[in-house]
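Okay, input.pdb now, which holds PDB, C-alpha atoms:
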ATOM      1  CA  MET A  16       0.000   0.000   0.000
ATOM      2  CA  THR A  17       1.360   3.420  -0.923
ATOM      3  CA  TYR A  18       0.642   6.941   0.284
ATOM      4  CA  PRO A  19       1.502  10.396  -1.095
ATOM      5  CA  ALA A  20       3.950  12.506   0.883
ATOM      6  CA  HIS A  21       5.647  15.891   0.814
ATOM      7  CA  TYR A  22       9.410  15.951   1.316
ATOM      8  CA  GLY A  23      12.467  18.156   1.137
ATOM      9  CA  ILE A  24      16.205  17.814   1.724
ATOM     10  CA  PHE A  25      17.780  20.025   4.398
ATOM     11  CA  ASP A  26      21.344  20.585   5.550
ATOM     12  CA  ASN A  27      22.611  19.629   8.995
ATOM     13  CA  ALA A  28      22.699  23.204  10.274
ATOM     14  CA  THR A  29      18.988  23.728   9.582
ATOM     15  CA  VAL A  30      17.889  20.483  11.235
ATOM     16  CA  ARG A  31      20.156  20.987  14.245
ATOM     17  CA  MET A  32      18.812  24.507  14.754
ATOM     18  CA  LEU A  33      15.271  23.121  14.669
ATOM     19  CA  LEU A  34      16.069  20.486  17.299
ATOM     20  CA  ASN A  35      17.948  22.922  19.513
ATOM     21  CA  GLU A  36      15.316  25.669  19.468
ATOM     22  CA  TYR A  37      12.205  23.500  19.666
ATOM     23  CA  ARG A  38      10.378  23.475  23.004
ATOM     24  CA  TRP A  39      10.428  19.868  24.182
ATOM     25  CA  GLY A  40       8.466  18.086  26.899
ATOM     26  CA  LEU A  41       9.406  18.778  30.510
ATOM     27  CA  ASN A  42      10.565  15.205  31.168
ATOM     28  CA  TRP A  43      12.709  14.853  28.064
ATOM     29  CA  SER A  44      16.089  16.295  27.080
ATOM     30  CA  VAL A  45      17.326  16.731  23.514
ATOM     31  CA  LYS A  46      20.973  17.067  24.635
ATOM     32  CA  PRO A  47      21.939  13.380  24.087
ATOM     33  CA  THR A  48      20.431  13.513  20.595
ATOM     34  CA  LEU A  49      22.361  16.684  19.777
ATOM     35  CA  ALA A  50      25.579  15.122  21.088
ATOM     36  CA  PHE A  51      25.058  12.084  18.853
ATOM     37  CA  PHE A  52      24.164  14.412  15.965
ATOM     38  CA  ASP A  53      27.384  16.405  16.382
ATOM     39  CA  ALA A  54      29.518  13.260  16.637
ATOM     40  CA  ALA A  55      27.996  11.847  13.433
ATOM     41  CA  VAL A  56      28.729  15.099  11.586
ATOM     42  CA  LYS A  57      32.302  15.253  12.931
ATOM     43  CA  ASP A  58      32.961  11.654  11.871
ATOM     44  CA  GLY A  59      31.653  12.319   8.362
ATOM     45  CA  HIS A  60      28.675   9.982   8.759
ATOM     46  CA  LEU A  61      25.949  12.632   8.452
ATOM     47  CA  GLU A  62      25.662  15.228   5.666
ATOM     48  CA  ASP A  63      21.980  16.048   5.203
ATOM     49  CA  TRP A  64      18.384  15.110   6.036
ATOM     50  CA  LEU A  65      15.301  14.145   4.120
ATOM     51  CA  VAL A  66      12.270  15.517   5.975
ATOM     52  CA  PHE A  67       8.806  14.344   4.967
ATOM     53  CA  TYR A  68       5.222  14.186   6.089
ATOM     54  CA  PRO A  69       2.641  11.874   4.519
ATOM     55  CA  GLU A  70      -0.841  12.762   3.370
ATOM     56  CA  LEU A  71      -2.982  10.618   5.634
ATOM     57  CA  LYS A  72      -6.654   9.897   5.921
ATOM     58  CA  ASN A  73      -8.644  10.902   9.003
ATOM     59  CA  VAL A  74      -6.848  14.221   9.455
ATOM     60  CA  GLU A  75      -8.153  17.778   9.641
ATOM     61  CA  ASN A  76      -6.448  20.166   7.217
ATOM     62  CA  ARG A  77      -6.405  23.484   9.040
ATOM     63  CA  ARG A  78      -4.590  26.780   8.649
ATOM     64  CA  LEU A  79      -2.383  27.911  11.528
ATOM     65  CA  ALA A  80      -3.535  31.235  12.933
ATOM     66  CA  GLY A  81      -1.485  34.157  11.655
ATOM     67  CA  THR A  82       0.267  32.109   8.949
ATOM     68  CA  ASN A  83      -0.299  30.781   5.444
ATOM     69  CA  TYR A  84       0.497  27.217   6.508
ATOM     70  CA  VAL A  85      -2.173  24.537   6.217
ATOM     71  CA  LEU A  86      -1.267  21.419   8.193
ATOM     72  CA  PRO A  87      -2.791  17.914   8.320
ATOM     73  CA  ILE A  88      -3.714  17.772  12.005
ATOM     74  CA  GLN A  89      -4.332  14.410  13.643
ATOM     75  CA  LYS A  90      -6.184  13.573  16.831
ATOM     76  CA  ARG A  91      -3.740  11.271  18.582
ATOM     77  CA  LEU A  92      -3.709   9.974  22.125
ATOM     78  CA  ARG A  93      -0.989  10.667  24.650
ATOM     79  CA  ARG A  94       0.185   7.579  26.524
ATOM     80  CA  LYS A  95       0.117   7.759  30.313
ATOM     81  CA  GLU A  96       2.673   4.963  30.652
ATOM     82  CA  ARG A  97       5.158   7.060  28.660
ATOM     83  CA  ASP A  98       4.869  10.348  30.534
ATOM     84  CA  PHE A  99       2.018  11.374  28.246
ATOM     85  CA  ALA A 100       4.108  11.148  25.076
ATOM     86  CA  PHE A 101       2.168  10.583  21.867
ATOM     87  CA  ALA A 102       1.614   7.143  20.394
ATOM     88  CA  GLY A 103       4.170   6.134  17.760
ATOM     89  CA  SER A 104       4.049   6.244  13.981
ATOM     90  CA  SER A 105       2.768   3.454  11.758
ATOM     91  CA  THR A 106       5.029   0.685  10.470
ATOM     92  CA  ARG A 107       4.739   1.673   6.827
ATOM     93  CA  GLN A 108       5.762   5.259   7.574
ATOM     94  CA  ARG A 109       8.765   4.118   9.612
ATOM     95  CA  LEU A 110       9.810   1.792   6.791
ATOM     96  CA  ALA A 111      10.343   4.757   4.467
ATOM     97  CA  MET A 112      12.644   6.347   7.066
ATOM     98  CA  GLU A 113      14.581   3.116   7.488
ATOM     99  CA  VAL A 114      15.131   2.659   3.754
ATOM    100  CA  ILE A 115      16.197   6.281   3.231
ATOM    101  CA  SER A 116      18.662   6.171   6.148
ATOM    102  CA  GLY A 117      20.045   2.756   5.184
ATOM    103  CA  GLY A 118      18.670   0.932   8.204
ATOM    104  CA  SER A 119      16.608  -1.445   6.048
ATOM    105  CA  PRO A 120      17.002  -2.668   2.479
ATOM    106  CA  THR A 121      14.239  -1.914   0.017
ATOM    107  CA  PRO A 122      11.651  -4.620   0.783
ATOM    108  CA  ALA A 123      10.604  -7.160  -1.799
ATOM    109  CA  LEU A 124       7.479  -6.099  -3.627
ATOM    110  CA  LEU A 125       4.368  -7.512  -2.014
ATOM    111  CA  GLU A 126       2.275  -6.075  -4.817
ATOM    112  CA  THR A 127       3.103  -5.841  -8.493
ATOM    113  CA  SER A 128       1.133  -2.724  -9.408
ATOM    114  CA  PRO A 129       3.033   0.055 -11.218
ATOM    115  CA  ALA A 130       2.118   2.511  -8.439
ATOM    116  CA  VAL A 131       3.785   0.397  -5.747
ATOM    117  CA  SER A 132       6.848  -0.175  -7.905
ATOM    118  CA  ARG A 133       7.235   3.562  -8.581
ATOM    119  CA  ALA A 134       6.819   4.385  -4.897
ATOM    120  CA  GLN A 135       9.512   1.936  -3.816
ATOM    121  CA  ASN A 136      11.884   3.128  -6.517
ATOM    122  CA  THR A 137      11.357   6.716  -5.387
ATOM    123  CA  VAL A 138      12.099   5.924  -1.743
ATOM    124  CA  ALA A 139      15.168   3.859  -2.646
ATOM    125  CA  SER A 140      16.512   6.648  -4.876
ATOM    126  CA  LEU A 141      16.426   9.084  -1.945
ATOM    127  CA  HIS A 142      18.907   7.024   0.077
ATOM    128  CA  THR A 143      22.536   8.040   0.456
ATOM    129  CA  PRO A 144      25.002   6.582   2.997
ATOM    130  CA  THR A 145      25.209   9.915   4.838
ATOM    131  CA  ARG A 146      21.540  10.960   4.839
ATOM    132  CA  GLY A 147      19.249  10.916   7.850
ATOM    133  CA  ALA A 148      15.467  10.788   7.640
ATOM    134  CA  MET A 149      12.874  12.669   9.663
ATOM    135  CA  LEU A 150       9.145  11.997   9.695
ATOM    136  CA  LEU A 151       6.862  14.830  10.785
ATOM    137  CA  ALA A 152       3.372  14.611  12.212
ATOM    138  CA  PHE A 153       1.073  17.266  13.640
ATOM    139  CA  ALA A 154      -1.402  16.596  16.436
ATOM    140  CA  ALA A 155      -4.174  18.584  18.078
ATOM    141  CA  ASP A 156      -2.913  19.349  21.570
ATOM    142  CA  LYS A 157      -3.658  22.001  24.181
ATOM    143  CA  GLY A 158      -0.699  21.012  26.326
ATOM    144  CA  ASP A 159      -2.915  20.220  29.314
ATOM    145  CA  GLU A 160      -3.154  16.419  28.909
ATOM    146  CA  SER A 161      -6.700  16.680  27.554
ATOM    147  CA  ASP A 162      -7.846  13.879  25.280
ATOM    148  CA  PRO A 163      -7.227  15.098  21.695
ATOM    149  CA  LYS A 164     -10.205  13.097  20.463
ATOM    150  CA  THR A 165     -12.453  15.447  22.402
ATOM    151  CA  LEU A 166     -10.981  18.562  20.783
ATOM    152  CA  THR A 167     -13.146  20.225  18.184
ATOM    153  CA  LEU A 168     -11.385  21.607  15.131
ATOM    154  CA  ASP A 169     -13.710  24.180  13.625
ATOM    155  CA  PRO A 170     -13.489  23.691   9.828
ATOM    156  CA  ASN A 171     -14.126  27.392   9.321
ATOM    157  CA  ALA A 172     -11.616  28.689  11.857
ATOM    158  CA  GLU A 173      -7.858  28.930  12.092
ATOM    159  CA  VAL A 174      -6.087  26.798  14.695
ATOM    160  CA  PRO A 175      -3.958  28.590  17.320
ATOM    161  CA  VAL A 176      -0.290  27.664  17.023
ATOM    162  CA  GLY A 177      -0.284  26.690  20.694
ATOM    163  CA  HIS A 178      -2.916  24.016  20.048
ATOM    164  CA  VAL A 179      -0.803  22.018  17.585
ATOM    165  CA  ALA A 180       2.053  19.735  18.627
ATOM    166  CA  SER A 181       4.805  18.921  16.127
ATOM    167  CA  ILE A 182       5.980  15.313  16.457
ATOM    168  CA  PHE A 183       9.403  14.231  15.194
ATOM    169  CA  TYR A 184      10.612  10.737  14.322
ATOM    170  CA  MET A 185      14.291  10.497  13.360
ATOM    171  CA  ALA A 186      16.508   7.860  11.765
ATOM    172  CA  PHE A 187      20.236   8.580  11.610
ATOM    173  CA  PRO A 188      22.312   7.006   8.813
ATOM    174  CA  LYS A 189      23.104   3.374   9.544
ATOM    175  CA  GLN A 190      26.842   4.000   9.328
ATOM    176  CA  ALA A 191      26.533   6.525  12.183
ATOM    177  CA  ALA A 192      25.568   3.734  14.597
ATOM    178  CA  PRO A 193      28.190   3.252  17.338
ATOM    179  CA  ASP A 194      30.345   0.135  17.378
ATOM    180  CA  GLY A 195      29.181  -2.645  19.669
ATOM    181  CA  LYS A 196      31.910  -2.289  22.276
ATOM    182  CA  ILE A 197      31.406  -3.514  25.841
ATOM    183  CA  GLY A 198      33.770  -2.539  28.636
ATOM    184  CA  PHE A 199      33.657  -3.547  32.287
ATOM    185  CA  THR A 200      35.775  -3.979  35.390
ATOM    186  CA  THR A 201      35.374  -6.431  38.255
ATOM    187  CA  ARG A 202      36.307  -5.854  41.876
ATOM    188  CA  THR A 203      36.517  -8.647  44.457
ATOM    189  CA  GLY A 204      36.713  -8.529  48.222
ATOM    190  CA  GLN A 205      40.250  -9.928  48.442
ATOM    191  CA  GLU A 206      43.197  -9.527  46.098
ATOM    192  CA  GLU A 207      43.775 -13.298  46.086
ATOM    193  CA  ASP A 208      40.155 -14.120  45.186
ATOM    194  CA  VAL A 209      39.754 -16.133  42.007
ATOM    195  CA  ILE A 210      37.205 -15.117  39.370
ATOM    196  CA  VAL A 211      35.516 -18.191  37.902
ATOM    197  CA  ASP A 212      33.435 -18.293  34.715
ATOM    198  CA  ALA A 213      29.940 -19.066  36.004
ATOM    199  CA  ALA A 214      29.195 -21.157  32.909
ATOM    200  CA  LYS A 215      32.089 -23.489  33.792
ATOM    201  CA  ALA A 216      31.645 -23.553  37.571
TER
END
Hey, can you dump this file as structure tokens for me?
Amino acid sequence: MTYPAHYGIFDNATVRMLLNEYRWGLNWSVKPTLAFFDAAVKDGHLEDWLVFYPELKNVENRRLAGTNYVLPIQKRLRRKERDFAFAGSSTRQRLAMEVISGGSPTPALLETSPAVSRAQNTVASLHTPTRGAMLLAFAADKGDESDPKTLTLDPNAEVPVGHVASIFYMAFPKQAAPDGKIGFTTRTGQEEDVIVDAAKA
């Protein structure tokens, strides 16, 4: 199954500025992500980003108050077990990110229609070894933990900027993944104690 999407390619400086200046949730810090971002750039593993948002069904296309931007606004639940973070993206949307960033190979065609073939070829052509992928979503949200499904989006009115949450999903290039190194030390009570492999004891 395919879906239309809007996308653009942005340089590292633009995406980093977005992440750094965005107002994040109170219980979450973007600093580790920025540190990983900077390390990937320094090591030559990250050069640019493909940012996209899909055209989905069951959304409300509304203009942001005071702007010319019309966004596809979803009504998505926050999850209490995750500090009221929003529910995740769908598998088929994440797959596009994974293919673009090199985390997954282009999947074998499950359908043989020309539309599906063109869509997969397009996604595969957007991959480079040093490109990250970012999926955007926009959700109705007053910031007060109210159930978004109870929010009414007036089709004839603009939506206040403060009532829309921008949701980011990111996939760094596969080659930026850290090596699987494990380091540890062991301390015993006495210097003469012997350390025995538990599997052989």
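Here atom CA of Ser140 of chain A is placed at a distance of 18.8 Å from atom CA of Met185 of chain A.
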task = Run the PyMOL selection byres ((chain A and resi 192) around 12) mentally over the shown coordinates, then write out the matched residues as a PyMOL selection string, using the chain letters and numbers from the document.
result = chain A and resi 51-52+54-55+58+60-61+116-118+144-145+147+186-191+193-196
Here atom CA of Ala155 of chain A and atom CA of Glu113 of chain A stand apart by 26.5 Å
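Taken over the shown file, the PyMOL selection byres ((chain A and resi 153) around 10) identifies Tyr68, Val74, Leu86, Pro87, Ile88, Gln89, Lys90, Arg91, Leu151, Ala152, Ala154, Ala155, Asp156, Val179, Ala180, Ser181, Ile182 and Phe183 of chain A.
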Writing out the chosen residues with C-alpha atoms as a compact mmCIF listing (two decimals), in the frame of the given file:
# COMPACT_ATOMS: atom_id res chain seq x y z
CA TYR A 68 5.22 14.19 6.09
CA VAL A 74 -6.85 14.22 9.46
CA LEU A 86 -1.27 21.42 8.19
CA PRO A 87 -2.79 17.91 8.32
CA ILE A 88 -3.71 17.77 12.00
CA GLN A 89 -4.33 14.41 13.64
CA LYS A 90 -6.18 13.57 16.83
CA ARG A 91 -3.74 11.27 18.58
CA LEU A 151 6.86 14.83 10.78
CA ALA A 152 3.37 14.61 12.21
CA ALA A 154 -1.40 16.60 16.44
CA ALA A 155 -4.17 18.58 18.08
CA ASP A 156 -2.91 19.35 21.57
CA VAL A 179 -0.80 22.02 17.58
CA ALA A 180 2.05 19.74 18.63
CA SER A 181 4.80 18.92 16.13
CA ILE A 182 5.98 15.31 16.46
CA PHE A 183 9.40 14.23 15.19
Centre and edge lengths, as JSON, for the axis-aligned box enclosing every listed atom of segment 142-148 of chain A with 6 Å of padding on each of the six sides, in Å to one decimal?
{"center_x": 20.3, "center_y": 8.8, "center_z": 4.0, "size_x": 21.7, "size_y": 16.4, "size_z": 19.8}
Translate the PyMOL selection byres ((chain A and resi 63) around 8) into a concrete residue list for this structure, as a list in words.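 Taken on the displayed file, the PyMOL selection byres ((chain A and resi 63) around 8) yields the residues Ile24, Phe25, Asp26, Asn27, Leu61, Glu62, Trp64, Leu65, Thr145, Arg146 and Gly147 of chain A.
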Of the residues A:Val138, A:Val114, A:Leu92, A:Val56, which is the one nearest to Tyr18 of chain A, using all atoms listed in the file?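 Closest to Tyr18 of chain A of all the choices is A:Val138.
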Using only C-alpha atoms, can you tell me which of A:Ile115, A:Ser44, A:Gly81, A:Lys157 comes closest to His142 of chain A?
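Of all the options, A:Ile115 lies closest to His142 of chain A.
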Pairwise distance, atom CA of Ala80 of chain A with atom CA of Val176 of chain A, equals 6.3 Å
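Minimum atom-to-atom distances from A:Arg133, A:Arg38, A:His21, A:Lys57 to Gly177 of chain A were compared using all atoms listed in the file, and the lowest value belongs to A:Arg38.
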* Asked: Within 12 Å of Pro19 of chain A, counting only C-alpha atoms, which residues qualify if same-chain residues fewer than 3 places away don't, as an MDAnalysis selection string?
  -> chainID A and resid 16 22 67:72 108 111 130:131 133:135 137:138
Residues as selected, C-alpha atoms, written as a short mmCIF file (atom, residue, chain, number, x, y, z; two decimals), in the frame of the given file, can you do that?
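Dumped to part38.cif:
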data_model
loop_
_atom_site.label_atom_id
_atom_site.label_comp_id
_atom_site.auth_asym_id
_atom_site.auth_seq_id
_atom_site.Cartn_x
_atom_site.Cartn_y
_atom_site.Cartn_z
CA MET A 16 0.00 0.00 0.00
CA TYR A 22 9.41 15.95 1.32
CA PHE A 67 8.81 14.34 4.97
CA TYR A 68 5.22 14.19 6.09
CA PRO A 69 2.64 11.87 4.52
CA GLU A 70 -0.84 12.76 3.37
CA LEU A 71 -2.98 10.62 5.63
CA LYS A 72 -6.65 9.90 5.92
CA GLN A 108 5.76 5.26 7.57
CA ALA A 111 10.34 4.76 4.47
CA ALA A 130 2.12 2.51 -8.44
CA VAL A 131 3.78 0.40 -5.75
CA ARG A 133 7.24 3.56 -8.58
CA ALA A 134 6.82 4.38 -4.90
CA GLN A 135 9.51 1.94 -3.82
CA THR A 137 11.36 6.72 -5.39
CA VAL A 138 12.10 5.92 -1.74
#
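With distances taken over all atoms listed in the file, A:Val174 is the one residue among A:Leu34, A:Trp39, A:Val174, A:Thr48 lying closest to Glu75 of chain A.
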